[in-house]
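Take a look at the structure below.
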Amino acid sequence: MAFTVNIYYTGENGNARKFAEEMRSSGLVEKIRAEAGNLRYEYFFPMDDPETVLLIDAWESQEALDLHHRSPMMAEIARLREKYRLKMRVQRFFETV
């Protein structure tokens with residue numbers, strides 16, 4: 001069953017945006033998009049909150065996401081979150097037919 005995960009990254013002094021920019025410039029975004037089962041991986045910037053970045057991350061199945069979570073990329077993502085001192089809030093939405 002396909003589902004979408006919204007992850008809100010919040011920091012200070014523009015760190016959430018810097019995190020998203022480094023994710024892209026490091027090539028991690030493209031690697032994640034190329035993973036089997038990834039349907040969408042995009043960052044957005046809320047107009048009314050300059051310290052937050054929204055990641056919309058969609059997957060074909062829980063198994064595909066589990067494989068992503070076990071990939072070496074997760075350690076790099078965690079390192080960047082720590083580098084930029086980000087807090088996360090997660091929402092999950094399931095596709096219904």
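Every chain in the structure tokens has a letter given in the order shown (A, B, ...), and although residue numbers restart at 1 in each chain, ligands are simply numbered from 1 in the order shown.
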Using only C-alpha atoms, which residues sit within 12 Å of Ile32 (chain A) once same-chain residues fewer than 2 positions away are excluded, as number ranges by chain?
A: 23-24, 26-30, 34-42, 57-59, 64-65, 67-69, 71-74, 76-77
Restricting it to N, CA and C atoms, dump the selection as a PDB file, in the first residue's frame.
ATOM      1  N   MET A  23      21.456  18.467   1.512  1.00  0.00           N
ATOM      2  CA  MET A  23      20.929  17.186   1.048  1.00  0.00           C
ATOM      3  C   MET A  23      20.948  17.137  -0.475  1.00  0.00           C
ATOM      4  N   ARG A  24      20.540  18.226  -1.095  1.00  0.00           N
ATOM      5  CA  ARG A  24      20.517  18.279  -2.558  1.00  0.00           C
ATOM      6  C   ARG A  24      21.915  18.353  -3.154  1.00  0.00           C
ATOM      7  N   SER A  26      24.746  17.457  -1.981  1.00  0.00           N
ATOM      8  CA  SER A  26      25.566  16.268  -1.721  1.00  0.00           C
ATOM      9  C   SER A  26      25.187  15.078  -2.601  1.00  0.00           C
ATOM     10  N   GLY A  27      24.045  15.191  -3.280  1.00  0.00           N
ATOM     11  CA  GLY A  27      23.574  14.094  -4.122  1.00  0.00           C
ATOM     12  C   GLY A  27      22.664  13.117  -3.409  1.00  0.00           C
ATOM     13  N   LEU A  28      22.440  13.314  -2.118  1.00  0.00           N
ATOM     14  CA  LEU A  28      21.575  12.388  -1.373  1.00  0.00           C
ATOM     15  C   LEU A  28      20.139  12.391  -1.894  1.00  0.00           C
ATOM     16  N   VAL A  29      19.626  13.546  -2.245  1.00  0.00           N
ATOM     17  CA  VAL A  29      18.247  13.621  -2.739  1.00  0.00           C
ATOM     18  C   VAL A  29      18.082  12.754  -3.982  1.00  0.00           C
ATOM     19  N   GLU A  30      18.999  12.878  -4.927  1.00  0.00           N
ATOM     20  CA  GLU A  30      18.890  12.094  -6.158  1.00  0.00           C
ATOM     21  C   GLU A  30      19.048  10.598  -5.889  1.00  0.00           C
ATOM     22  N   ALA A  34      16.151   7.716  -6.581  1.00  0.00           N
ATOM     23  CA  ALA A  34      16.465   6.579  -7.453  1.00  0.00           C
ATOM     24  C   ALA A  34      16.231   5.233  -6.783  1.00  0.00           C
ATOM     25  N   GLU A  35      15.965   5.218  -5.481  1.00  0.00           N
ATOM     26  CA  GLU A  35      15.745   3.959  -4.779  1.00  0.00           C
ATOM     27  C   GLU A  35      14.457   3.290  -5.242  1.00  0.00           C
ATOM     28  N   ALA A  36      14.488   1.971  -5.310  1.00  0.00           N
ATOM     29  CA  ALA A  36      13.296   1.205  -5.678  1.00  0.00           C
ATOM     30  C   ALA A  36      12.182   1.511  -4.681  1.00  0.00           C
ATOM     31  N   GLY A  37      11.027   1.857  -5.203  1.00  0.00           N
ATOM     32  CA  GLY A  37       9.866   2.100  -4.366  1.00  0.00           C
ATOM     33  C   GLY A  37       9.644   3.539  -3.975  1.00  0.00           C
ATOM     34  N   ASN A  38      10.606   4.426  -4.237  1.00  0.00           N
ATOM     35  CA  ASN A  38      10.392   5.831  -3.905  1.00  0.00           C
ATOM     36  C   ASN A  38       9.525   6.474  -4.971  1.00  0.00           C
ATOM     37  N   LEU A  39       8.460   7.130  -4.543  1.00  0.00           N
ATOM     38  CA  LEU A  39       7.529   7.784  -5.459  1.00  0.00           C
ATOM     39  C   LEU A  39       7.714   9.295  -5.492  1.00  0.00           C
ATOM     40  N   ARG A  40       8.207   9.858  -4.387  1.00  0.00           N
ATOM     41  CA  ARG A  40       8.358  11.313  -4.310  1.00  0.00           C
ATOM     42  C   ARG A  40       9.297  11.648  -3.163  1.00  0.00           C
ATOM     43  N   TYR A  41      10.155  12.635  -3.390  1.00  0.00           N
ATOM     44  CA  TYR A  41      11.058  13.124  -2.353  1.00  0.00           C
ATOM     45  C   TYR A  41      11.330  14.580  -2.681  1.00  0.00           C
ATOM     46  N   GLU A  42      10.572  15.486  -2.034  1.00  0.00           N
ATOM     47  CA  GLU A  42      10.665  16.903  -2.363  1.00  0.00           C
ATOM     48  C   GLU A  42      10.599  17.753  -1.110  1.00  0.00           C
ATOM     49  N   ASP A  57       7.684  12.803   1.319  1.00  0.00           N
ATOM     50  CA  ASP A  57       8.420  11.576   0.999  1.00  0.00           C
ATOM     51  C   ASP A  57       7.389  10.463   0.805  1.00  0.00           C
ATOM     52  N   ALA A  58       7.226   9.956  -0.413  1.00  0.00           N
ATOM     53  CA  ALA A  58       6.202   8.946  -0.696  1.00  0.00           C
ATOM     54  C   ALA A  58       6.857   7.646  -1.154  1.00  0.00           C
ATOM     55  N   TRP A  59       6.262   6.527  -0.715  1.00  0.00           N
ATOM     56  CA  TRP A  59       6.807   5.196  -0.991  1.00  0.00           C
ATOM     57  C   TRP A  59       5.716   4.253  -1.451  1.00  0.00           C
ATOM     58  N   ALA A  64       9.653  -1.047   0.996  1.00  0.00           N
ATOM     59  CA  ALA A  64      10.569  -0.139   0.295  1.00  0.00           C
ATOM     60  C   ALA A  64      11.143   0.892   1.268  1.00  0.00           C
ATOM     61  N   LEU A  65      10.301   1.419   2.138  1.00  0.00           N
ATOM     62  CA  LEU A  65      10.786   2.381   3.130  1.00  0.00           C
ATOM     63  C   LEU A  65      11.739   1.717   4.113  1.00  0.00           C
ATOM     64  N   LEU A  67      13.763  -0.734   3.517  1.00  0.00           N
ATOM     65  CA  LEU A  67      15.052  -0.862   2.826  1.00  0.00           C
ATOM     66  C   LEU A  67      15.802   0.470   2.825  1.00  0.00           C
ATOM     67  N   HIS A  68      15.075   1.536   2.584  1.00  0.00           N
ATOM     68  CA  HIS A  68      15.674   2.873   2.626  1.00  0.00           C
ATOM     69  C   HIS A  68      16.251   3.153   4.014  1.00  0.00           C
ATOM     70  N   HIS A  69      15.489   2.821   5.042  1.00  0.00           N
ATOM     71  CA  HIS A  69      15.946   3.075   6.413  1.00  0.00           C
ATOM     72  C   HIS A  69      17.180   2.258   6.781  1.00  0.00           C
ATOM     73  N   SER A  71      19.564   1.616   4.584  1.00  0.00           N
ATOM     74  CA  SER A  71      20.625   1.984   3.656  1.00  0.00           C
ATOM     75  C   SER A  71      21.678   2.857   4.348  1.00  0.00           C
ATOM     76  N   PRO A  72      22.891   2.876   3.804  1.00  0.00           N
ATOM     77  CA  PRO A  72      23.952   3.725   4.364  1.00  0.00           C
ATOM     78  C   PRO A  72      23.608   5.216   4.322  1.00  0.00           C
ATOM     79  N   MET A  73      22.689   5.598   3.453  1.00  0.00           N
ATOM     80  CA  MET A  73      22.296   7.013   3.364  1.00  0.00           C
ATOM     81  C   MET A  73      21.696   7.530   4.659  1.00  0.00           C
ATOM     82  N   MET A  74      21.050   6.651   5.420  1.00  0.00           N
ATOM     83  CA  MET A  74      20.395   7.090   6.657  1.00  0.00           C
ATOM     84  C   MET A  74      21.403   7.642   7.658  1.00  0.00           C
ATOM     85  N   GLU A  76      24.136   9.222   6.916  1.00  0.00           N
ATOM     86  CA  GLU A  76      24.506  10.554   6.430  1.00  0.00           C
ATOM     87  C   GLU A  76      23.389  11.560   6.709  1.00  0.00           C
ATOM     88  N   ILE A  77      22.142  11.156   6.508  1.00  0.00           N
ATOM     89  CA  ILE A  77      21.015  12.049   6.801  1.00  0.00           C
ATOM     90  C   ILE A  77      21.006  12.394   8.287  1.00  0.00           C
TER      91      ILE A  77
END
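The two atoms in question, CA of Phe19 (chain A) and CA of Gln62 (chain A), are spaced 25.4 Å apart.
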DSSP-assigned strand (DSSP E or B) among chain A, expressed as a ChimeraX atom specification
/A:3-10,38-44,52-59,87-94
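With only C-alpha atoms as the basis for measurement, A:Leu55 is the residue among A:Phe93, A:Leu55, A:Asp66, A:Ser61 that approaches Ile7 (chain A) most closely.
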A:Lys87, A:Phe3, A:Thr96, A:Glu82 ranked by distance to Val53 (chain A), top pick (using only C-alpha atoms):
A:Lys87
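Restricting the calculation to only C-alpha atoms, the smallest distance between Tyr84 (chain A) and any of A:Thr10, A:Ser25, A:Thr4, A:Asn15 is found for A:Asn15.
Considering the residues A:Ala16, A:Met1, A:Glu95, A:Gly11 and counting only C-alpha atoms, Phe45 (chain A) has its shortest atom-to-atom contact with A:Ala16.
Between Asp49 (chain A) and the residues A:Arg70, A:Arg17, A:Arg85, A:Arg79, the shortest atom-to-atom distance, using only C-alpha atoms, involves A:Arg17.
Shell of Gly14 (chain A) at 9 Å, with only C-alpha atoms counted and residues fewer than 5 places along the chain excluded, is Phe19, Pro50, Glu51 and Thr52 of chain A.
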Please dump the current selection as a CSV table (one decimal), in the first residue's frame; keep C-alpha atoms.
chain,number,residue,atom,x,y,z
A,19,PHE,CA,20.1,21.1,5.6
A,50,PRO,CA,11.2,30.5,7.8
A,51,GLU,CA,12.8,28.1,10.3
A,52,THR,CA,10.9,25.0,9.0
Please run DSSP on the backbone and report, as a PyMOL selection string, all residues within chain A that come out as alpha helix (DSSP H).
chain A and resi 15-25+28-33+62-69+73-83
Those selected residues, please, written with C-alpha atoms and delivered as a short mmCIF file (atom, residue, chain, number, x, y, z; two decimals), in the first residue's frame.
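Saved file again.cif follows:
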data_model
loop_
_atom_site.label_atom_id
_atom_site.label_comp_id
_atom_site.auth_asym_id
_atom_site.auth_seq_id
_atom_site.Cartn_x
_atom_site.Cartn_y
_atom_site.Cartn_z
CA ASN A 15 19.53 25.73 9.46
CA ALA A 16 16.54 23.80 8.13
CA ARG A 17 16.99 25.38 4.71
CA LYS A 18 20.76 24.79 4.86
CA PHE A 19 20.08 21.13 5.64
CA ALA A 20 17.78 20.76 2.60
CA GLU A 21 20.31 22.53 0.40
CA GLU A 22 23.13 20.24 1.57
CA MET A 23 20.93 17.19 1.05
CA ARG A 24 20.52 18.28 -2.56
CA SER A 25 24.07 19.44 -3.23
CA LEU A 28 21.58 12.39 -1.37
CA VAL A 29 18.25 13.62 -2.74
CA GLU A 30 18.89 12.09 -6.16
CA LYS A 31 20.08 8.83 -4.61
CA ILE A 32 16.91 8.57 -2.54
CA ARG A 33 14.71 9.37 -5.55
CA GLN A 62 6.49 -0.25 3.88
CA GLU A 63 9.07 -2.74 2.65
CA ALA A 64 10.57 -0.14 0.30
CA LEU A 65 10.79 2.38 3.13
CA ASP A 66 12.33 -0.23 5.43
CA LEU A 67 15.05 -0.86 2.83
CA HIS A 68 15.67 2.87 2.63
CA HIS A 69 15.95 3.08 6.41
CA MET A 73 22.30 7.01 3.36
CA MET A 74 20.40 7.09 6.66
CA ALA A 75 23.61 7.59 8.63
CA GLU A 76 24.51 10.55 6.43
CA ILE A 77 21.02 12.05 6.80
CA ALA A 78 21.24 11.63 10.59
CA ARG A 79 24.67 13.29 10.58
CA LEU A 80 23.29 16.28 8.67
CA ARG A 81 20.28 16.57 11.00
CA GLU A 82 22.68 16.66 13.94
CA LYS A 83 25.02 19.10 12.19
#
